[in-house]
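Visitor: Contents of final.cif (mmCIF, C-alpha atoms) are given next:
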```cif
data_input
loop_
_atom_site.label_atom_id
_atom_site.label_comp_id
_atom_site.auth_asym_id
_atom_site.auth_seq_id
_atom_site.Cartn_x
_atom_site.Cartn_y
_atom_site.Cartn_z
CA MET A 1 0.00 0.00 0.00
CA HIS A 2 1.33 3.43 -0.94
CA PHE A 3 0.56 6.59 0.96
CA LYS A 4 0.78 10.04 -0.57
CA VAL A 5 3.13 12.27 1.43
CA MET A 6 1.71 15.75 1.87
CA GLU A 7 3.95 18.71 1.22
CA PRO A 8 5.00 20.48 4.46
CA MET A 9 4.56 23.92 2.84
CA ILE A 10 1.75 25.07 0.58
CA ASP A 11 0.75 28.23 -1.25
CA GLY A 12 -2.49 29.47 0.27
CA VAL A 13 -4.57 32.25 -1.26
CA PHE A 14 -6.83 34.41 0.94
CA VAL A 15 -9.84 35.81 -0.93
CA THR A 16 -12.56 38.28 0.03
CA SER A 17 -15.52 39.06 -2.21
CA LEU A 18 -18.45 41.44 -2.28
CA ASN A 19 -21.24 38.89 -1.65
CA SER A 20 -19.46 36.48 0.69
CA GLY A 21 -22.30 36.24 3.21
CA THR A 22 -21.23 35.48 6.77
CA ASP A 23 -17.90 34.02 5.57
CA CYS A 24 -15.75 37.10 5.07
CA ILE A 25 -12.57 35.31 3.94
CA GLN A 26 -11.99 32.03 2.11
CA VAL A 27 -8.62 30.28 1.94
CA TYR A 28 -7.69 27.90 -0.89
CA ASP A 29 -4.76 25.64 -1.71
CA VAL A 30 -3.34 27.02 -4.94
CA ALA A 31 -1.97 23.65 -6.06
CA THR A 32 -5.20 21.67 -5.67
CA GLY A 33 -7.95 24.29 -5.52
CA ALA A 34 -9.30 22.79 -2.26
CA GLN A 35 -10.81 25.19 0.26
CA LEU A 36 -8.78 25.08 3.47
CA LYS A 37 -10.71 27.42 5.76
CA SER A 38 -13.15 30.30 5.98
CA TYR A 39 -13.37 33.19 8.43
CA ARG A 40 -16.67 34.55 9.70
CA GLY A 41 -17.17 38.31 9.63
CA HIS A 42 -18.59 41.33 7.84
CA PRO A 43 -17.82 42.00 4.14
CA ALA A 44 -14.33 43.43 3.67
CA ALA A 45 -13.61 46.78 2.03
CA PRO A 46 -11.44 46.65 -1.12
CA SER A 47 -7.64 46.97 -0.73
CA THR A 48 -7.81 46.55 3.08
CA PHE A 49 -6.78 42.93 3.75
CA SER A 50 -3.38 42.30 5.37
CA LEU A 51 -1.49 39.62 7.27
CA VAL A 52 -0.09 40.52 10.68
CA GLY A 53 3.14 38.82 11.63
CA THR A 54 4.36 35.56 10.15
CA SER A 55 1.20 33.47 9.87
CA SER A 56 -0.24 34.92 13.07
CA GLN A 57 -3.24 37.18 12.57
CA LEU A 58 -5.40 38.72 9.83
CA VAL A 59 -6.93 42.19 9.65
CA CYS A 60 -9.16 44.04 7.19
CA GLY A 61 -11.49 47.01 7.03
CA GLN A 62 -15.26 46.60 7.11
CA ARG A 63 -17.10 47.76 4.02
CA ASN A 64 -19.07 50.99 4.56
CA LYS A 65 -18.18 51.12 8.28
CA SER A 66 -15.56 52.94 10.37
CA LEU A 67 -14.29 49.67 11.81
CA LEU A 68 -11.55 47.08 11.34
CA GLN A 69 -11.94 43.38 12.10
CA ALA A 70 -9.24 40.87 12.98
CA TRP A 71 -8.75 37.11 13.39
CA ASN A 72 -6.19 34.69 14.73
CA ILE A 73 -5.16 32.73 11.65
CA ASN A 74 -6.25 29.40 13.17
CA ARG A 75 -9.66 30.63 14.43
CA HIS A 76 -12.91 30.92 12.52
CA ASP A 77 -14.36 33.87 14.47
CA THR A 78 -13.12 37.43 14.83
CA LEU A 79 -11.12 38.63 17.83
CA PRO A 80 -13.33 40.00 20.62
CA MET A 81 -12.25 43.63 20.30
CA ARG A 82 -13.74 46.73 18.70
CA LEU A 83 -11.24 48.38 16.34
CA VAL A 84 -12.66 51.84 15.66
CA VAL A 85 -11.08 54.21 13.12
CA PRO A 86 -12.00 57.82 12.21
CA GLY A 87 -13.85 56.91 8.98
CA LYS A 88 -14.49 54.37 6.24
CA VAL A 89 -11.26 52.66 5.24
CA ASN A 90 -10.04 53.04 1.64
CA ALA A 91 -6.81 51.08 1.98
CA LEU A 92 -4.81 49.29 4.68
CA ALA A 93 -1.35 47.75 5.07
CA VAL A 94 0.62 46.26 7.99
CA SER A 95 4.41 46.33 8.22
CA PRO A 96 5.96 42.88 7.67
CA LYS A 97 8.35 42.95 10.63
CA PRO A 98 8.11 43.94 14.32
CA PRO A 99 7.39 46.40 15.75
CA TYR A 100 4.22 46.15 13.68
CA TYR A 101 2.58 49.30 12.33
CA CYS A 102 -0.86 49.43 10.73
CA VAL A 103 -1.29 52.13 8.08
CA VAL A 104 -4.92 53.05 7.38
CA ALA A 105 -6.10 55.36 4.59
CA ILE A 106 -9.33 57.27 5.22
CA ASN A 107 -10.23 59.60 2.35
CA GLU A 108 -7.03 61.55 1.58
CA LYS A 109 -5.43 61.06 5.03
CA ILE A 110 -3.09 58.27 6.16
CA TYR A 111 -3.17 57.21 9.83
CA VAL A 112 -0.25 55.25 11.27
CA TYR A 113 -1.03 53.05 14.30
CA LYS A 114 1.48 51.19 16.44
CA MET A 115 -0.20 47.83 16.92
CA SER A 116 1.46 46.90 20.22
CA CYS A 117 -0.36 49.74 22.01
CA GLY A 118 -3.00 50.88 19.51
CA GLY A 119 -1.81 54.49 19.62
CA VAL A 120 -1.65 56.84 16.64
CA THR A 121 1.95 57.56 15.65
CA GLY A 122 1.06 60.25 13.14
CA VAL A 123 -1.12 61.39 10.26
CA GLY A 124 0.01 62.08 6.70
CA ASP A 125 -2.18 64.23 4.45
CA ARG A 126 -0.22 64.94 1.28
CA HIS A 127 -2.77 63.43 -1.13
CA TYR A 128 -5.43 65.73 -2.57
CA GLN A 129 -7.99 62.98 -3.18
CA SER A 130 -8.76 59.57 -1.67
CA VAL A 131 -5.90 57.12 -1.19
CA THR A 132 -6.53 53.89 -3.13
CA HIS A 133 -3.54 51.64 -2.32
CA LEU A 134 -0.91 51.17 0.40
CA VAL A 135 2.05 48.78 0.34
CA PHE A 136 5.09 48.27 2.61
CA THR A 137 8.67 47.57 1.59
CA PRO A 138 9.93 44.12 2.71
CA CYS A 139 12.08 45.74 5.43
CA GLY A 140 9.03 47.47 6.89
CA ASN A 141 10.76 50.86 7.24
CA TYR A 142 8.94 52.50 4.33
CA PHE A 143 5.53 52.32 2.71
CA ALA A 144 4.09 53.67 -0.54
CA SER A 145 0.71 55.24 -1.23
CA GLY A 146 -1.20 55.89 -4.43
CA GLY A 147 -4.40 57.84 -4.80
CA THR A 148 -7.26 58.98 -6.99
CA ASP A 149 -5.21 62.15 -7.64
CA GLY A 150 -2.65 60.02 -9.52
CA PHE A 151 0.23 60.75 -7.12
CA VAL A 152 2.55 58.03 -5.81
CA TYR A 153 4.46 58.76 -2.60
CA VAL A 154 6.96 56.84 -0.49
CA TRP A 155 6.79 57.50 3.26
CA SER A 156 9.32 56.76 6.01
CA LEU A 157 8.09 55.41 9.34
CA ALA A 158 11.10 57.11 10.94
CA ALA A 159 9.65 60.49 9.96
CA PHE A 160 6.43 59.70 11.84
CA ASN A 161 8.31 58.47 14.90
CA ASP A 162 10.66 61.47 14.84
CA ALA A 163 7.79 63.96 14.71
CA LEU A 164 6.10 62.12 17.58
CA HIS A 165 8.77 63.19 20.09
CA LYS A 166 8.94 66.87 19.18
CA THR A 167 7.16 69.63 21.09
CA HIS A 168 6.05 71.30 17.88
CA PRO A 169 6.08 68.49 15.31
CA PRO A 170 6.54 69.56 11.68
CA HIS A 171 4.14 68.62 8.92
CA ILE A 172 5.17 65.09 7.93
CA GLN A 173 6.49 65.04 4.37
CA PRO A 174 6.90 62.01 2.07
CA HIS A 175 10.35 60.51 1.68
CA TYR A 176 9.91 60.60 -2.10
CA THR A 177 7.36 61.97 -4.52
CA LEU A 178 7.72 59.40 -7.27
CA GLY A 179 5.42 60.94 -9.85
CA GLN A 180 1.86 61.54 -10.93
CA HIS A 181 -0.36 59.58 -13.28
CA SER A 182 -2.98 61.50 -15.23
CA ASP A 183 -5.72 59.30 -13.74
CA LYS A 184 -6.51 57.18 -10.66
CA VAL A 185 -3.79 54.83 -9.33
CA THR A 186 -5.27 51.32 -9.46
CA GLY A 187 -2.33 49.21 -8.26
CA LEU A 188 1.00 49.30 -6.39
CA THR A 189 3.64 46.62 -5.90
CA ILE A 190 7.21 46.52 -4.55
CA THR A 191 9.78 43.88 -5.54
CA SER A 192 11.48 41.67 -2.96
CA GLY A 193 14.65 43.74 -3.17
CA GLY A 194 13.05 46.37 -0.96
CA MET A 195 14.75 49.79 -1.06
CA ARG A 196 17.31 48.35 -3.50
CA GLY A 197 14.53 47.10 -5.72
CA THR A 198 11.76 48.80 -7.65
CA ILE A 199 8.20 49.95 -7.11
CA ALA A 200 5.59 49.68 -9.85
CA SER A 201 2.32 51.57 -10.14
CA CYS A 202 -0.50 51.30 -12.68
CA SER A 203 -3.35 53.61 -13.57
CA LEU A 204 -6.45 54.07 -15.66
CA ASP A 205 -4.33 56.37 -17.87
CA HIS A 206 -3.08 53.24 -19.78
CA THR A 207 0.39 53.38 -18.19
CA ALA A 208 2.44 51.45 -15.63
CA ARG A 209 5.49 53.14 -14.19
CA ILE A 210 8.57 51.47 -12.73
CA TYR A 211 10.63 53.46 -10.21
CA ASP A 212 14.02 52.87 -8.60
CA LEU A 213 13.36 53.00 -4.86
CA ALA A 214 16.97 53.88 -4.00
CA THR A 215 16.85 57.13 -5.99
CA GLY A 216 13.13 57.73 -6.53
CA ARG A 217 13.68 58.10 -10.28
CA GLN A 218 11.40 56.67 -12.94
CA VAL A 219 13.04 53.89 -14.98
CA TYR A 220 10.28 52.70 -17.34
CA ASN A 221 6.92 53.99 -18.50
CA ILE A 222 4.96 51.03 -19.89
CA ILE A 223 2.19 52.11 -22.27
CA THR A 224 -0.68 49.69 -22.96
CA PRO A 225 -3.74 49.70 -25.26
CA SER A 226 -6.24 49.51 -22.35
CA PRO A 227 -6.71 51.16 -18.94
CA LEU A 228 -4.85 49.17 -16.25
CA THR A 229 -6.54 47.90 -13.10
CA ALA A 230 -3.93 45.63 -11.43
CA ILE A 231 -0.18 45.09 -11.34
CA THR A 232 2.40 42.76 -9.82
CA THR A 233 5.90 41.44 -10.54
CA ASN A 234 7.57 38.08 -10.15
CA THR A 235 10.02 37.50 -7.29
CA LEU A 236 13.04 38.79 -9.23
CA GLY A 237 11.19 41.72 -10.75
CA SER A 238 12.12 40.50 -14.23
CA GLN A 239 8.49 40.25 -15.36
CA VAL A 240 5.66 42.73 -14.86
CA LEU A 241 2.09 41.43 -15.04
CA LEU A 242 -0.58 43.97 -15.95
CA GLY A 243 -4.33 43.46 -15.57
CA SER A 244 -6.69 45.49 -17.74
CA CYS A 245 -10.27 46.67 -17.48
CA ASN A 246 -11.18 44.41 -20.44
CA GLY A 247 -10.24 41.23 -18.53
CA ARG A 248 -6.88 40.70 -20.25
CA VAL A 249 -3.43 40.26 -18.69
CA ASN A 250 -0.13 41.31 -20.29
CA VAL A 251 3.21 39.86 -19.20
CA VAL A 252 6.08 42.29 -19.90
CA ASN A 253 9.66 40.98 -19.83
CA LEU A 254 12.30 43.31 -18.31
CA LEU A 255 15.19 40.92 -18.95
CA PRO A 256 17.27 41.72 -20.87
CA PRO A 257 16.59 45.25 -19.61
CA PRO A 258 15.08 47.53 -22.25
CA THR A 259 16.36 51.06 -22.71
CA PRO A 260 15.06 53.27 -19.89
CA GLY A 261 12.09 55.33 -20.97
CA ASP A 262 8.84 54.43 -22.70
CA VAL A 263 8.05 50.75 -23.32
CA LEU A 264 5.18 50.21 -25.74
CA VAL A 265 2.98 47.11 -25.32
CA SER A 266 1.15 46.45 -28.57
CA GLU A 267 -0.17 42.97 -27.77
CA GLU A 268 -3.67 42.58 -26.34
CA GLY A 269 -2.43 39.98 -23.84
CA SER A 270 -4.13 36.85 -22.55
CA SER A 271 -7.92 36.84 -22.20
CA CYS A 272 -8.43 35.81 -18.56
CA HIS A 273 -11.78 37.18 -17.35
CA GLU A 274 -15.03 38.59 -18.65
CA LYS A 275 -14.66 41.76 -16.57
CA ALA A 276 -11.82 43.90 -15.21
CA VAL A 277 -8.85 42.11 -13.61
CA THR A 278 -8.55 43.78 -10.20
CA HIS A 279 -5.98 41.51 -8.51
CA ILE A 280 -2.85 39.68 -9.66
CA ALA A 281 -0.48 37.64 -7.49
CA VAL A 282 2.52 35.37 -8.13
CA THR A 283 3.46 32.43 -5.89
CA ALA A 284 6.83 32.46 -4.13
CA SER A 285 8.26 29.90 -6.57
CA GLY A 286 7.08 32.02 -9.49
CA ASN A 287 5.55 29.08 -11.36
CA ARG A 288 1.90 30.07 -10.81
CA VAL A 289 -0.04 33.28 -11.35
CA LEU A 290 -3.40 34.06 -9.73
CA THR A 291 -5.92 36.56 -11.02
CA GLY A 292 -9.08 37.96 -9.41
CA SER A 293 -11.74 39.89 -11.25
CA ASP A 294 -14.97 41.84 -11.04
CA ASP A 295 -16.63 38.75 -12.55
CA GLY A 296 -16.25 37.06 -9.15
CA GLU A 297 -13.68 34.43 -10.17
CA VAL A 298 -10.16 33.65 -8.98
CA LYS A 299 -8.11 31.62 -11.45
CA VAL A 300 -4.71 29.91 -11.39
CA TRP A 301 -2.41 30.19 -14.44
CA THR A 302 1.05 29.15 -15.59
CA VAL A 303 3.30 31.37 -17.73
CA THR A 304 4.10 29.99 -21.19
CA SER A 305 6.09 31.47 -24.06
CA THR A 306 5.06 31.83 -27.68
CA SER A 307 7.41 32.50 -30.60
CA LEU A 308 6.25 35.30 -32.89
CA GLY A 309 8.93 34.95 -35.59
CA THR A 310 12.09 37.05 -35.86
CA ASN A 311 12.95 40.70 -35.80
CA THR A 312 15.29 42.69 -38.07
CA ILE A 313 18.43 41.17 -36.55
CA ASN A 314 17.14 37.60 -36.75
CA ASP A 315 16.55 37.23 -33.03
CA THR A 316 13.52 35.15 -32.07
CA ILE A 317 10.79 37.23 -30.42
CA ILE A 318 9.34 35.43 -27.40
CA THR A 319 6.07 36.70 -25.93
CA PRO A 320 4.89 35.29 -22.57
CA HIS A 321 1.26 34.20 -22.24
CA LEU A 322 -0.88 32.66 -19.50
CA ALA A 323 -2.29 29.12 -19.64
CA ILE A 324 -5.25 28.26 -17.42
CA GLN A 325 -4.87 25.59 -14.72
CA ARG A 326 -8.06 25.88 -12.69
CA THR A 327 -10.72 28.18 -11.24
CA ILE A 328 -10.67 28.04 -7.43
CA HIS A 329 -13.25 30.67 -6.43
CA THR A 330 -16.46 31.69 -8.17
CA ALA A 331 -20.06 32.96 -7.84
CA ARG A 332 -19.57 35.14 -4.74
CA GLY A 333 -19.45 38.60 -6.28
CA THR A 334 -16.65 41.01 -7.13
CA ILE A 335 -13.24 40.07 -5.69
CA THR A 336 -12.25 42.78 -3.22
CA ASN A 337 -8.97 41.40 -1.81
CA MET A 338 -6.55 38.60 -2.71
CA CYS A 339 -3.30 37.62 -0.99
CA VAL A 340 -0.97 34.63 -1.49
CA LEU A 341 0.98 33.22 1.49
CA ARG A 342 3.59 30.46 1.62
CA MET A 343 2.70 28.60 4.83
CA GLU A 344 2.39 25.30 6.63
CA ARG A 345 -0.95 23.58 6.14
CA GLU A 346 -1.37 23.13 9.90
CA VAL A 347 -1.33 26.90 10.46
CA VAL A 348 -4.98 27.32 9.46
CA ASP A 349 -6.14 23.99 10.97
CA ASP A 350 -4.39 23.71 14.34
CA MET A 351 -6.88 25.01 16.90
CA ASP A 352 -4.33 24.57 19.70
CA LEU A 353 -1.73 26.75 17.97
CA ASP A 354 -0.44 29.30 20.48
CA ILE A 355 -0.52 32.71 18.79
CA ARG A 356 1.02 35.66 20.59
CA GLU A 357 -1.28 38.65 20.70
CA ILE A 358 -0.14 41.41 18.36
CA ILE A 359 -3.24 43.51 17.75
CA ARG A 360 -4.37 45.84 20.53
CA PRO A 361 -7.54 48.01 20.65
CA LEU A 362 -6.96 51.19 18.64
CA SER A 363 -6.93 54.61 20.25
CA GLN A 364 -10.00 56.69 19.42
CA ASP A 365 -8.25 59.94 20.39
CA HIS A 366 -6.48 61.04 17.21
CA THR A 367 -5.53 64.49 18.47
CA SER A 368 -3.53 63.79 21.63
CA SER A 369 0.01 62.50 21.72
CA PRO A 370 0.45 58.72 21.41
CA LEU A 371 3.01 59.00 24.21
CA ASN A 372 0.06 59.02 26.60
CA ALA A 373 -0.99 55.51 25.57
CA SER A 374 -0.53 52.51 27.84
CA VAL A 375 2.52 50.34 27.24
CA THR A 376 2.25 46.55 27.41
CA ILE A 377 5.44 44.71 28.41
CA HIS A 378 5.63 40.98 27.67
CA THR A 379 8.07 38.82 29.63
CA LYS A 380 9.26 35.37 28.67
CA PRO A 381 6.98 33.09 30.72
CA ARG A 382 7.58 29.54 31.91
CA THR A 383 3.98 28.48 32.28
CA SER A 384 1.67 31.44 31.78
CA SER A 385 1.81 34.89 30.27
CA SER A 386 3.04 37.71 32.48
CA VAL A 387 1.96 41.19 31.42
CA LEU A 388 2.37 44.56 33.09
CA ASN A 389 0.46 47.65 31.91
CA ILE A 390 1.95 51.02 32.76
CA THR A 391 0.44 54.34 31.67
CA SER A 392 2.80 57.30 31.55
CA GLN A 393 1.69 60.90 31.19
CA TYR A 394 3.98 63.37 29.44
CA THR A 395 3.66 67.11 29.89
CA ASN A 396 4.83 69.91 27.61
CA VAL A 397 7.51 71.31 29.94
CA GLY A 398 8.64 73.72 27.23
CA GLY A 399 5.42 75.66 27.63
CA LEU A 400 6.25 76.80 31.20
CA GLY A 401 7.94 79.94 29.96
CA LYS A 402 4.61 81.09 28.54
CA GLN A 403 2.67 80.63 31.81
CA ASN A 404 1.66 83.75 33.67
CA THR A 405 2.94 84.36 37.19
CA LYS A 406 -0.41 83.66 38.87
CA GLY A 407 -0.64 80.11 37.50
CA ALA A 408 3.06 79.23 37.83
CA ARG A 409 2.73 77.85 41.39
CA ASN A 410 -0.15 75.53 40.47
CA THR A 411 1.73 74.40 37.38
CA ASN A 412 4.80 73.54 39.43
CA GLN A 413 2.71 71.55 41.88
CA ASP A 414 1.13 69.62 39.01
CA LEU A 415 4.57 68.88 37.56
CA LEU A 416 5.89 67.66 40.92
CA SER A 417 2.85 65.40 41.29
CA GLN A 418 3.36 63.93 37.83
CA ILE A 419 7.09 63.42 38.50
CA CYS A 420 6.18 61.44 41.62
CA GLN A 421 3.76 59.33 39.57
CA LEU A 422 6.48 58.65 37.00
CA GLN A 423 8.94 57.69 39.73
CA ASN A 424 6.43 55.25 41.22
CA ALA A 425 5.73 53.75 37.79
CA ASN A 426 9.45 53.35 37.10
CA SER A 427 9.93 51.71 40.47
CA GLN A 428 7.13 49.23 39.78
CA LEU A 429 8.54 48.47 36.34
CA TYR A 430 12.04 47.88 37.77
CA LYS A 431 10.78 45.54 40.49
CA PHE A 432 8.57 43.66 38.00
CA ALA A 433 11.43 43.22 35.51
CA ILE A 434 13.96 42.11 38.16
CA LYS A 435 11.50 39.60 39.60
CA HIS A 436 10.82 37.84 36.31
CA ILE A 437 14.40 38.04 35.01
CA LEU A 438 15.75 36.42 38.17
CA LYS A 439 12.95 33.82 38.02
CA ASP A 440 13.90 32.90 34.47
CA GLU A 441 17.59 32.62 35.37
CA LEU A 442 16.86 30.39 38.39
CA ASN A 443 14.65 28.12 36.27
CA ASP A 444 17.39 27.86 33.64
#
```
Here is the file; what I need is its structure written in the form of structure tokens.
Guide:
Amino acid sequence: MHFKVMEPMIDGVFVTSLNSGTDCIQVYDVATGAQLKSYRGHPAAPSTFSLVGTSSQLVCGQRNKSLLQAWNINRHDTLPMRLVVPGKVNALAVSPKPPYYCVVAINEKIYVYKMSCGGVTGVGDRHYQSVTHLVFTPCGNYFASGGTDGFVYVWSLAAFNDALHKTHPPHIQPHYTLGQHSDKVTGLTITSGGMRGTIASCSLDHTARIYDLATGRQVYNIITPSPLTAITTNTLGSQVLLGSCNGRVNVVNLLPPPTPGDVLVSEEGSSCHEKAVTHIAVTASGNRVLTGSDDGEVKVWTVTSTSLGTNTINDTIITPHLAIQRTIHTARGTITNMCVLRMEREVVDDMDLDIREIIRPLSQDHTSSPLNASVTIHTKPRTSSSVLNITSQYTNVGGLGKQNTKGARNTNQDLLSQICQLQNANSQLYKFAIKHILKDELND
């Protein structure tokens, strides 16, 4: 008798759609098309789904509501917390490495939350119209935004953190202004090289632009016959896949590198869907491509090459095309989010999987300093979790010079009282840390 050995790692695709009912998210095995899991919740807003940590938690924005919802990756139901934001979410992204930051776009503003405490780190408002897409670099130190105004910006998290600790914080400016499309930005993607790689944007203006992240300069301007609605690259960044509003997908080769400047795409591409292609993803191995569309289907493809004869110097012209493998999701309405993750199969099935809490309730005060938020300190436990919450209050000491003489005495008394509170908090923190550190050493 022969037994089939299951692969330890699989490519899972997370899908949200407009008419998903009570199951907000479905997860499928890309190789077989089998449904692995579903997550109960409210319909997700487009461009708002993100993974938190390495196969730990999921988060997305609720459609038409000023709320986020989150799940542990191995649990069917949402986390029992109310994640309130200042408005309906247009786009969302979470940094890939700790400390985790959640970037939320609401209309033309970008709110940055630190997930370990839920506090607001800062607000960026450079866009003139609604933000449509957000994406982090692999290092997690930068993120890019694209909007209905056609602008593409790169932001530094360090700029938000630096402004946080200043008495009179400056207006937070983007790290780079990459450029402006003449129409709405419909897709953003960053290659695995991070800040040494490239960022690609696409728009309804029939163009896709490739930028060098190290310098912020535009390298290529890809011009297509149809308005573009989705974009991605393979792992190396050597191929750019472009989804169009007519349901077709073009695969553009960047190796050998063409001359920097305009790259004209004359081919219509592969006919993949009956309606606009809104999502494209490539598996980690690069051998499969997934597309999601307004027609409600998610399909799996392989990249093939077709010879189109020779050019003037007798070199064979090879044009990549997509060959269908299977349809894994259908009949649940427009696809609103799609994400591919290389993971262990047990991650979504193991109900006893111990997942460390990353997401905290979000602060609803978006005007006060995040330094006033409570800080959660996790120690390395032997049997159970040990957590200490300490809330510190910071006062604008620099403003004392502007106080009048009559109120100076009361102000000084308030400062002395707050200093005593800080000293007590520091003393408690020191005793707590020493106790658990010594306990761990003794147990070792």
Visitor: Evaluate the PyMOL selection byres ((chain A and resi 149) around 12) against this structure - the residues, as a PyMOL selection string, please.
Guide: chain A and resi 107-108+126-133+145-148+150-153+179-186+203-205
Visitor: Looking at A:Gly122, A:Gly187, A:Gly261, A:Ala425, which one is nearest to His165 of chain A, with distances taken over all atoms listed in the file?
Guide: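 Residue with the minimum atom-to-atom distance to His165 of chain A: A:Gly122.
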Visitor: Using only C-alpha atoms, find the one residue out of A:Pro169, A:Ile358, A:Pro43, A:Asp125 that sits nearest to Trp155 of chain A.
Guide: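 Closest candidate: A:Asp125.
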Visitor: What gap, in Å, lies between atom CA of Gly247 of chain A and atom CA of Ser17 of chain A?
Guide: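 Between these atoms lies a distance of 17.3 Å.
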Visitor: Calculated over only C-alpha atoms, which of the candidates A:Val103, A:Val123, A:Ala45, A:Ile231 has the smallest distance to Ser244 of chain A?
Guide: A:Ile231
Visitor: Within 6 Å of Tyr39 of chain A, counting all atoms listed in the file, which residues show up once you throw out same-chain ones fewer than 4 positions away? Write them as number ranges by chain, please.
Guide: A: 23-25, 76
Visitor: Please, what distance in Å, to one decimal, runs between atom CA of Ile324 of chain A and atom CA of Ala31 of chain A?
Guide: 12.7 Å
Visitor: Just how far from atom CA of Cys202 of chain A is atom CA of Leu242 of chain A, in Å to one decimal?
Guide: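 Straight-line distance from atom CA of Leu242 of chain A to atom CA of Cys202 of chain A works out to 8.0 Å.
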Visitor: For Arg196 of chain A, find every residue with an atom within 12 Å (counting all atoms listed in the file), except residues of its own chain fewer than 3 positions away, and show them as a list in words.
Guide: Thr137, Pro138, Cys139, Ile190, Thr191, Ser192, Gly193, Ile199, Tyr211, Asp212, Leu213, Ala214, Thr215, Gly216, Leu236 and Gly237 of chain A
Visitor: Keeping C-alpha atoms for every residue in the selection just given, could you write it to a file as a PDB file, keeping the file's coordinate frame?
Guide:
```
ATOM      1  CA  THR A 137       8.670  47.570   1.590  1.00  0.00           C
ATOM      2  CA  PRO A 138       9.930  44.120   2.710  1.00  0.00           C
ATOM      3  CA  CYS A 139      12.080  45.740   5.430  1.00  0.00           C
ATOM      4  CA  ILE A 190       7.210  46.520  -4.550  1.00  0.00           C
ATOM      5  CA  THR A 191       9.780  43.880  -5.540  1.00  0.00           C
ATOM      6  CA  SER A 192      11.480  41.670  -2.960  1.00  0.00           C
ATOM      7  CA  GLY A 193      14.650  43.740  -3.170  1.00  0.00           C
ATOM      8  CA  ILE A 199       8.200  49.950  -7.110  1.00  0.00           C
ATOM      9  CA  TYR A 211      10.630  53.460 -10.210  1.00  0.00           C
ATOM     10  CA  ASP A 212      14.020  52.870  -8.600  1.00  0.00           C
ATOM     11  CA  LEU A 213      13.360  53.000  -4.860  1.00  0.00           C
ATOM     12  CA  ALA A 214      16.970  53.880  -4.000  1.00  0.00           C
ATOM     13  CA  THR A 215      16.850  57.130  -5.990  1.00  0.00           C
ATOM     14  CA  GLY A 216      13.130  57.730  -6.530  1.00  0.00           C
ATOM     15  CA  LEU A 236      13.040  38.790  -9.230  1.00  0.00           C
ATOM     16  CA  GLY A 237      11.190  41.720 -10.750  1.00  0.00           C
TER      17      GLY A 237
END
```
Visitor: My list of candidates is A:Gln423, A:Asn161, A:Ala230, A:Thr411. Which is closest to Val277 of chain A when distances are computed with only C-alpha atoms?
Guide: A:Ala230
Visitor: Using the chain letters and residue numbers of this document, give as a PyMOL selection string the residues selected by the PyMOL selection byres ((chain A and resi 53-58) around 9).
Guide: chain A and resi 49-52+59-60+69-74+94-98+100+341+343-344+347-348+355-359
Visitor: Any chance you could work out the residue set of the PyMOL selection byres ((chain A and resi 268-274) around 12) here, as a VMD selection string?
Guide: chain A and resid 223 to 227 241 to 252 264 to 267 275 to 280 289 to 306 319 to 327 330 334
